[in-house]
Amino acid sequence: MNLREEMLALVCLFLCCSPLVQSAEPRPLTIDDIHAVVDVSQPALSPDGSQVAYVVSVHNLEKDAIVSDVWQVPWAGGEPRQLTKPDSISASTPKFSPDGRYLAYLEAAGDEDYSQVFVLNRNGGEVRQVTDVAGGVIEYDWAPDASHLVVSSFVGAAQPNAAGTAPPLVIDRFQFLEDGVGYLAGARRHLSIVDLSTGSTRQLTSGKQDHWLPSWSPDGQHIAYVSKAREDSDRNMDSDVFVILASGEGEPRRISDFDGTDVDPYWMSPPVWSPDGKQLGWLQSGLSKWIYYAPWQLTVADLDTATNRPLARIDRNFFLPKWSADGRFLFALQEDPLSTWLVKINSIDGSVTRLSTGKRFALDFAIAVENDRLVLLDSTDNRPFELFAVEGENLRPLTNHNAWLDEVELAVTRTFSFENDGHELDGFLVLPPDAEPGVPLPAIFRLHGGPVYQFSHEFMVDWQLYATAGFAVVGINPRGSSGKGFEFASAIYADWGNTDVSDILAGVDFLEGQGIIDASRLGVGGWSYGGILTNSMIAADNRFRAAVSGAGVSNIYGAYGLDQYSREYELELGVPWSNRESYDRASYPFLNADRITTPTLYQCAENDLNVPCSGSLQMYQALRSLEVPTQLVIYPDQNHSLQVPSYLRDRMQRNLEWYQRWLLEAPAP
């Protein structure tokens with residue numbers, strides 16, 4: 001049975017059988033349901049494994065903001081309850097104290113825009129703010145005796161004068177921009193020790209390096225963290241694992257010995273201590289030149305012998321390693337094609353055992369330090385992320401914050417595979433709930449960001465809305481995606497918009513040949529690298545009748561120095577004044593804008609320093625000059641990820657209307 005026959009059979013089964021098994025007629029998904037999706041994240045287990053703290057984020061339409069609170073649910077099962085109830089601020093990053101008496105979390109203090117650590121006494125009493133760090137706390141960890149915290153924060157920023165006037169920005173760094181932070185003018189991330197009884201703060205690190213992801217040793221004597229050893233750290237990806245005495249005495253000791261990335265600080269995966277404090281584990285990537293293409297692999301250090309060893313090197317990404325209570329195993333998430341699972345890794349021989357399987361996407365997990373109880377944050381095609389207790393090979397649901405989806409008729413999701421240039425490629429196909437068997441559908445090809453990322457078995461509300469509106473939605477993982485190892489990911493190194501464009505177009509041909517999609521009504525779109533690749537698609541091929549390019553850039557000459565990636569450009573492409581060929585190749589859509597005929601909607605976030613609006617502005621101006629139908633939408637005061645509910649709905653509405661206008665309403669050529 002070929003893909004077309006499988007899809008026809010599936011659609012017939014869905015259409016014919018669904019009413020028989022549903023007690024009430026399901027309603028269609030609506031665009032306002034974008035506000036109803038509850039985001040569950042950041043699980044934490046109490047030391048004895050009895051309670052799970054986690055974060056619930058919802059759209060507060062009255063405030064037009066995403067508001068997050070800390071919730072708690074028993075591991076054995078029961079009714080979840082909300083622990084924090086802020087009026088205008090959001091809570092995140094819950095962590096139980098090692099003795100189990102307290103639950104800490106980050107929350108904006110008063111009218112401040114930045115977060116401090118608050119502590120809830122689990123035996124009763126008022127919530128107490130325990131830090132008052134200038135500029136706020138970025139990360140934190142408990143001391144084993146729960147008497148202190150180690151926190152990371154920005155130190156050294158110039159302060160306003162007596163009249164409240166902001167000081168001039170004086171910049172002397174190579175990397176001087178960071179999305180969500182702004183200009184990097186003087187301040188550095190440093191570690192400090194906070195005494196919970198007195199509130200006093202003692203700075204632990206200093207100098208012109210940043211220090212991230214602190215982790216306190218089990219004996220309370222040391223703190224592991226991530227920094228860089230080279231002087232001009234902005235020019236390389238050579239992050240390293242260090243250990244320093246919590247007292248601040250002596251010099252930090254460098255633990256990692258690899259001349260490349262040992263724990264990229266933005267992976268949010270701190271070094272992890274074995275229970276006896278004799279070993280450290282962390283994620284290691286590749287040489288600086290490979291930037292994000294090399295998979296994240298496990299490394300373990302024996303601190304007594306000062307030896308490091310690779311563990312379970314299987315050419316796949318691992319995420320968030322954590323030790324078992326007896327130190328014999330490491331638990332982690334492992335990425336494979338289309339899915340990510342929870343695994344257990346033997347700390348001696350590196351053998352890997354899956355603890356979750358199937359068509360699922362695991363995003364985070366927590367472990368109880370006393371007994372290895374596990375909680376998994378997991379999603380599927382038809383369900384947003386929820387929490388599950390891991391019991392052997394079974395996942396027992398702990399939360400169901402998106403139960404409202406039981407009343408909604410969702411689209412049918414399938415996977416498919418095809419070949420291009422000798423490579424097997426995978427993708428997702430999402431069909432409208434009322435799709436008629438044998439009728440080719442107008443199709444929207446969604447392109448993922450990264451570029452080293454992959455579409456997985458994850459609930460995608462935008463895909464569901466496109467399908468409900470009558471489109472087939474296609475998400476292909478071309479070369480350059482993660483999930484299939486280093487060679488597959490690095491196929492687009494310094495050659496964006498070439499191999500991956502070829503793979504997407506091969507997918508178009510395959511689905512057209514299967515009779516699934518109408519090749520005269522094709523749309524394409526994405527955000528971030530998805531927007532960059534969209535520009536390459538419409539410059540390379542004119543078969544697309546509609547495009548939506550969000551937070552993209554196509555003139556890399558114009559991106560250098562305007563976004564946060566000058567280091568990455570130099571590592572991968574060289575410098576623009578000496579490597580014109582590579583910059584011309586990366587800037588192909590802008591330099592060849594006269595090849596574009598596709599009506600294109602451009603979108604960007606006003607304060608985005610990741611992929612600034614300049615990229616969308618330039619492509620919009622080029623198409624406007626060429627009299628190709630186009631429109632530009634700028635979302636005020638937003639960074640790379642939109643955080644205003646009304647803007648999220650607006651973007652979805654505009655995308656739908658753009659595709660409907662050019663794929664459904666306009667006559668086929």
# chains A, B, ... in the order shown; residues from 1 in each chain; ligands from 1

$ select_by_dssp --residues "segment 252-379 of chain A" --states "helix (DSSP H, G or I)" --output "list in words"
Pro265, Tyr266, Trp267, Ser288, Lys289 and Trp290 of chain A

$ residues_around --residues "Thr630 of chain A" --least-positions-apart "3" --cutoff "7 Å" --atoms "only C-alpha atoms" --output "VMD selection string"
chain A and resid 599 to 601 620 623 to 624

$ write_last_selection --atoms "C-alpha atoms" --output "short mmCIF file (atom, residue, chain, number, x, y, z; two decimals), in the first residue's frame"
data_model
loop_
_atom_site.label_atom_id
_atom_site.label_comp_id
_atom_site.auth_asym_id
_atom_site.auth_seq_id
_atom_site.Cartn_x
_atom_site.Cartn_y
_atom_site.Cartn_z
CA PRO A 599 3.34 36.98 -2.98
CA THR A 600 5.07 37.13 0.39
CA LEU A 601 4.05 38.34 3.84
CA TYR A 620 9.98 43.63 1.83
CA LEU A 623 9.69 42.91 -3.41
CA ARG A 624 7.91 46.24 -3.17
#

$ closest_residue --among "A:Lys228, A:His401, A:Arg360, A:His148" --to "Pro252 of chain A" --atoms "only C-alpha atoms"
A:Lys228

$ closest_residue --among "A:Leu405, A:Leu320, A:Val548, A:Val155" --to "Arg27 of chain A" --atoms "only C-alpha atoms"
A:Leu405

$ closest_residue --among "A:Ile291, A:Leu642, A:Leu441, A:Leu511" --to "Glu572 of chain A" --atoms "only C-alpha atoms"
A:Ile291

$ select_by_dssp --residues "segment 82-293 of chain A" --states "strand (DSSP E)" --output "count of residues only"
79

$ decode --residues "segment 433-563 of chain A" --atoms "C-alpha atoms" --output "PDB file, in the first residue's frame"
ATOM      1  CA  PRO A 433     -10.569  16.557   9.508  1.00  0.00           C
ATOM      2  CA  ASP A 434     -13.055  16.711   6.619  1.00  0.00           C
ATOM      3  CA  ALA A 435     -10.621  15.835   3.828  1.00  0.00           C
ATOM      4  CA  GLU A 436     -12.280  14.069   0.908  1.00  0.00           C
ATOM      5  CA  PRO A 437     -10.529  10.867  -0.172  1.00  0.00           C
ATOM      6  CA  GLY A 438      -8.826  11.161  -3.539  1.00  0.00           C
ATOM      7  CA  VAL A 439      -8.995  14.963  -3.753  1.00  0.00           C
ATOM      8  CA  PRO A 440      -5.591  16.705  -3.870  1.00  0.00           C
ATOM      9  CA  LEU A 441      -5.394  19.505  -1.327  1.00  0.00           C
ATOM     10  CA  PRO A 442      -3.851  22.973  -1.324  1.00  0.00           C
ATOM     11  CA  ALA A 443      -0.714  22.578   0.774  1.00  0.00           C
ATOM     12  CA  ILE A 444       1.382  24.689   3.133  1.00  0.00           C
ATOM     13  CA  PHE A 445       4.995  23.627   3.601  1.00  0.00           C
ATOM     14  CA  ARG A 446       6.152  24.758   7.041  1.00  0.00           C
ATOM     15  CA  LEU A 447       9.923  25.129   7.528  1.00  0.00           C
ATOM     16  CA  HIS A 448      11.560  24.757  10.927  1.00  0.00           C
ATOM     17  CA  GLY A 449      14.004  27.096  12.617  1.00  0.00           C
ATOM     18  CA  GLY A 450      17.473  26.330  13.844  1.00  0.00           C
ATOM     19  CA  PRO A 451      18.643  25.469  11.249  1.00  0.00           C
ATOM     20  CA  VAL A 452      19.756  22.437  13.288  1.00  0.00           C
ATOM     21  CA  TYR A 453      16.395  21.384  14.693  1.00  0.00           C
ATOM     22  CA  GLN A 454      13.714  18.947  13.610  1.00  0.00           C
ATOM     23  CA  PHE A 455       9.952  18.655  13.473  1.00  0.00           C
ATOM     24  CA  SER A 456       8.877  15.962  15.947  1.00  0.00           C
ATOM     25  CA  HIS A 457       5.759  14.228  17.212  1.00  0.00           C
ATOM     26  CA  GLU A 458       4.641  17.364  19.032  1.00  0.00           C
ATOM     27  CA  PHE A 459       1.305  19.162  19.215  1.00  0.00           C
ATOM     28  CA  MET A 460       1.424  22.142  16.844  1.00  0.00           C
ATOM     29  CA  VAL A 461      -1.627  24.359  17.232  1.00  0.00           C
ATOM     30  CA  ASP A 462      -0.769  26.364  14.100  1.00  0.00           C
ATOM     31  CA  TRP A 463      -0.608  23.205  11.979  1.00  0.00           C
ATOM     32  CA  GLN A 464      -3.974  22.152  13.376  1.00  0.00           C
ATOM     33  CA  LEU A 465      -5.490  25.532  12.496  1.00  0.00           C
ATOM     34  CA  TYR A 466      -4.110  25.451   8.954  1.00  0.00           C
ATOM     35  CA  ALA A 467      -5.531  21.950   8.482  1.00  0.00           C
ATOM     36  CA  THR A 468      -8.924  22.955   9.933  1.00  0.00           C
ATOM     37  CA  ALA A 469      -8.984  25.761   7.337  1.00  0.00           C
ATOM     38  CA  GLY A 470      -8.693  23.178   4.546  1.00  0.00           C
ATOM     39  CA  PHE A 471      -4.947  22.928   3.920  1.00  0.00           C
ATOM     40  CA  ALA A 472      -2.681  19.922   3.922  1.00  0.00           C
ATOM     41  CA  VAL A 473       0.227  20.885   6.184  1.00  0.00           C
ATOM     42  CA  VAL A 474       3.647  19.458   5.390  1.00  0.00           C
ATOM     43  CA  GLY A 475       6.664  19.577   7.722  1.00  0.00           C
ATOM     44  CA  ILE A 476       9.807  18.044   6.210  1.00  0.00           C
ATOM     45  CA  ASN A 477      13.119  17.589   8.018  1.00  0.00           C
ATOM     46  CA  PRO A 478      15.644  18.325   5.242  1.00  0.00           C
ATOM     47  CA  ARG A 479      19.374  17.889   5.478  1.00  0.00           C
ATOM     48  CA  GLY A 480      20.598  20.368   8.051  1.00  0.00           C
ATOM     49  CA  SER A 481      18.059  19.060  10.561  1.00  0.00           C
ATOM     50  CA  SER A 482      18.955  17.292  13.799  1.00  0.00           C
ATOM     51  CA  GLY A 483      17.909  13.751  14.707  1.00  0.00           C
ATOM     52  CA  LYS A 484      20.102  11.919  12.185  1.00  0.00           C
ATOM     53  CA  GLY A 485      23.605  12.742  13.316  1.00  0.00           C
ATOM     54  CA  PHE A 486      26.489  15.015  12.404  1.00  0.00           C
ATOM     55  CA  GLU A 487      26.852  14.268   8.687  1.00  0.00           C
ATOM     56  CA  PHE A 488      23.153  14.880   8.030  1.00  0.00           C
ATOM     57  CA  ALA A 489      23.110  18.122  10.038  1.00  0.00           C
ATOM     58  CA  SER A 490      26.338  19.532   8.622  1.00  0.00           C
ATOM     59  CA  ALA A 491      25.283  18.980   5.000  1.00  0.00           C
ATOM     60  CA  ILE A 492      24.250  22.659   4.853  1.00  0.00           C
ATOM     61  CA  TYR A 493      27.363  24.016   6.588  1.00  0.00           C
ATOM     62  CA  ALA A 494      28.236  27.377   4.956  1.00  0.00           C
ATOM     63  CA  ASP A 495      25.713  26.507   2.234  1.00  0.00           C
ATOM     64  CA  TRP A 496      22.300  27.548   3.530  1.00  0.00           C
ATOM     65  CA  GLY A 497      19.366  27.424   1.145  1.00  0.00           C
ATOM     66  CA  ASN A 498      20.861  24.906  -1.272  1.00  0.00           C
ATOM     67  CA  THR A 499      20.731  21.272  -0.145  1.00  0.00           C
ATOM     68  CA  ASP A 500      17.783  21.908   2.146  1.00  0.00           C
ATOM     69  CA  VAL A 501      15.863  23.664  -0.657  1.00  0.00           C
ATOM     70  CA  SER A 502      16.503  20.655  -2.891  1.00  0.00           C
ATOM     71  CA  ASP A 503      15.138  18.312  -0.214  1.00  0.00           C
ATOM     72  CA  ILE A 504      11.955  20.344   0.294  1.00  0.00           C
ATOM     73  CA  LEU A 505      11.309  20.510  -3.453  1.00  0.00           C
ATOM     74  CA  ALA A 506      11.838  16.753  -3.706  1.00  0.00           C
ATOM     75  CA  GLY A 507       9.162  16.389  -1.029  1.00  0.00           C
ATOM     76  CA  VAL A 508       6.818  18.564  -3.095  1.00  0.00           C
ATOM     77  CA  ASP A 509       7.345  16.275  -6.093  1.00  0.00           C
ATOM     78  CA  PHE A 510       6.829  13.156  -3.980  1.00  0.00           C
ATOM     79  CA  LEU A 511       3.536  14.277  -2.441  1.00  0.00           C
ATOM     80  CA  GLU A 512       2.279  15.546  -5.792  1.00  0.00           C
ATOM     81  CA  GLY A 513       3.099  12.160  -7.319  1.00  0.00           C
ATOM     82  CA  GLN A 514       1.119  10.475  -4.535  1.00  0.00           C
ATOM     83  CA  GLY A 515      -1.922  12.575  -5.421  1.00  0.00           C
ATOM     84  CA  ILE A 516      -2.038  14.114  -1.932  1.00  0.00           C
ATOM     85  CA  ILE A 517      -1.380  17.782  -2.735  1.00  0.00           C
ATOM     86  CA  ASP A 518      -2.461  20.180  -5.460  1.00  0.00           C
ATOM     87  CA  ALA A 519       0.793  21.424  -7.003  1.00  0.00           C
ATOM     88  CA  SER A 520      -0.950  24.514  -8.386  1.00  0.00           C
ATOM     89  CA  ARG A 521      -1.834  25.710  -4.864  1.00  0.00           C
ATOM     90  CA  LEU A 522       1.357  25.578  -2.794  1.00  0.00           C
ATOM     91  CA  GLY A 523       2.339  27.788   0.119  1.00  0.00           C
ATOM     92  CA  VAL A 524       5.513  27.927   2.184  1.00  0.00           C
ATOM     93  CA  GLY A 525       6.519  29.642   5.409  1.00  0.00           C
ATOM     94  CA  GLY A 526       8.431  29.628   8.666  1.00  0.00           C
ATOM     95  CA  TRP A 527       9.990  31.691  11.465  1.00  0.00           C
ATOM     96  CA  SER A 528      13.683  32.370  12.193  1.00  0.00           C
ATOM     97  CA  TYR A 529      15.722  29.991  10.004  1.00  0.00           C
ATOM     98  CA  GLY A 530      12.317  28.920   8.700  1.00  0.00           C
ATOM     99  CA  GLY A 531      11.914  32.486   7.435  1.00  0.00           C
ATOM    100  CA  ILE A 532      15.445  32.478   6.008  1.00  0.00           C
ATOM    101  CA  LEU A 533      14.764  29.213   4.180  1.00  0.00           C
ATOM    102  CA  THR A 534      11.401  30.514   2.952  1.00  0.00           C
ATOM    103  CA  ASN A 535      13.223  33.344   1.172  1.00  0.00           C
ATOM    104  CA  SER A 536      15.575  30.809  -0.408  1.00  0.00           C
ATOM    105  CA  MET A 537      12.662  28.625  -1.526  1.00  0.00           C
ATOM    106  CA  ILE A 538      10.836  31.396  -3.359  1.00  0.00           C
ATOM    107  CA  ALA A 539      14.069  32.693  -4.935  1.00  0.00           C
ATOM    108  CA  ALA A 540      14.984  29.205  -6.159  1.00  0.00           C
ATOM    109  CA  ASP A 541      11.570  28.093  -7.468  1.00  0.00           C
ATOM    110  CA  ASN A 542       8.450  29.960  -8.557  1.00  0.00           C
ATOM    111  CA  ARG A 543       5.921  27.176  -8.044  1.00  0.00           C
ATOM    112  CA  PHE A 544       4.856  28.591  -4.652  1.00  0.00           C
ATOM    113  CA  ARG A 545       1.862  30.909  -4.885  1.00  0.00           C
ATOM    114  CA  ALA A 546       2.068  32.246  -1.306  1.00  0.00           C
ATOM    115  CA  ALA A 547       4.801  32.631   1.313  1.00  0.00           C
ATOM    116  CA  VAL A 548       5.040  33.862   4.902  1.00  0.00           C
ATOM    117  CA  SER A 549       8.574  34.750   6.010  1.00  0.00           C
ATOM    118  CA  GLY A 550       8.868  35.503   9.734  1.00  0.00           C
ATOM    119  CA  ALA A 551      11.992  36.824  11.501  1.00  0.00           C
ATOM    120  CA  GLY A 552      14.201  36.005   8.537  1.00  0.00           C
ATOM    121  CA  VAL A 553      17.211  37.553   6.855  1.00  0.00           C
ATOM    122  CA  SER A 554      18.601  37.168   3.343  1.00  0.00           C
ATOM    123  CA  ASN A 555      21.292  39.830   3.136  1.00  0.00           C
ATOM    124  CA  ILE A 556      23.983  38.428   5.407  1.00  0.00           C
ATOM    125  CA  TYR A 557      26.209  41.387   4.559  1.00  0.00           C
ATOM    126  CA  GLY A 558      23.567  43.522   6.248  1.00  0.00           C
ATOM    127  CA  ALA A 559      23.145  41.121   9.173  1.00  0.00           C
ATOM    128  CA  TYR A 560      26.805  41.205  10.221  1.00  0.00           C
ATOM    129  CA  GLY A 561      27.044  43.562  13.208  1.00  0.00           C
ATOM    130  CA  LEU A 562      23.288  44.050  13.454  1.00  0.00           C
ATOM    131  CA  ASP A 563      22.423  40.744  15.131  1.00  0.00           C
TER     132      ASP A 563
END
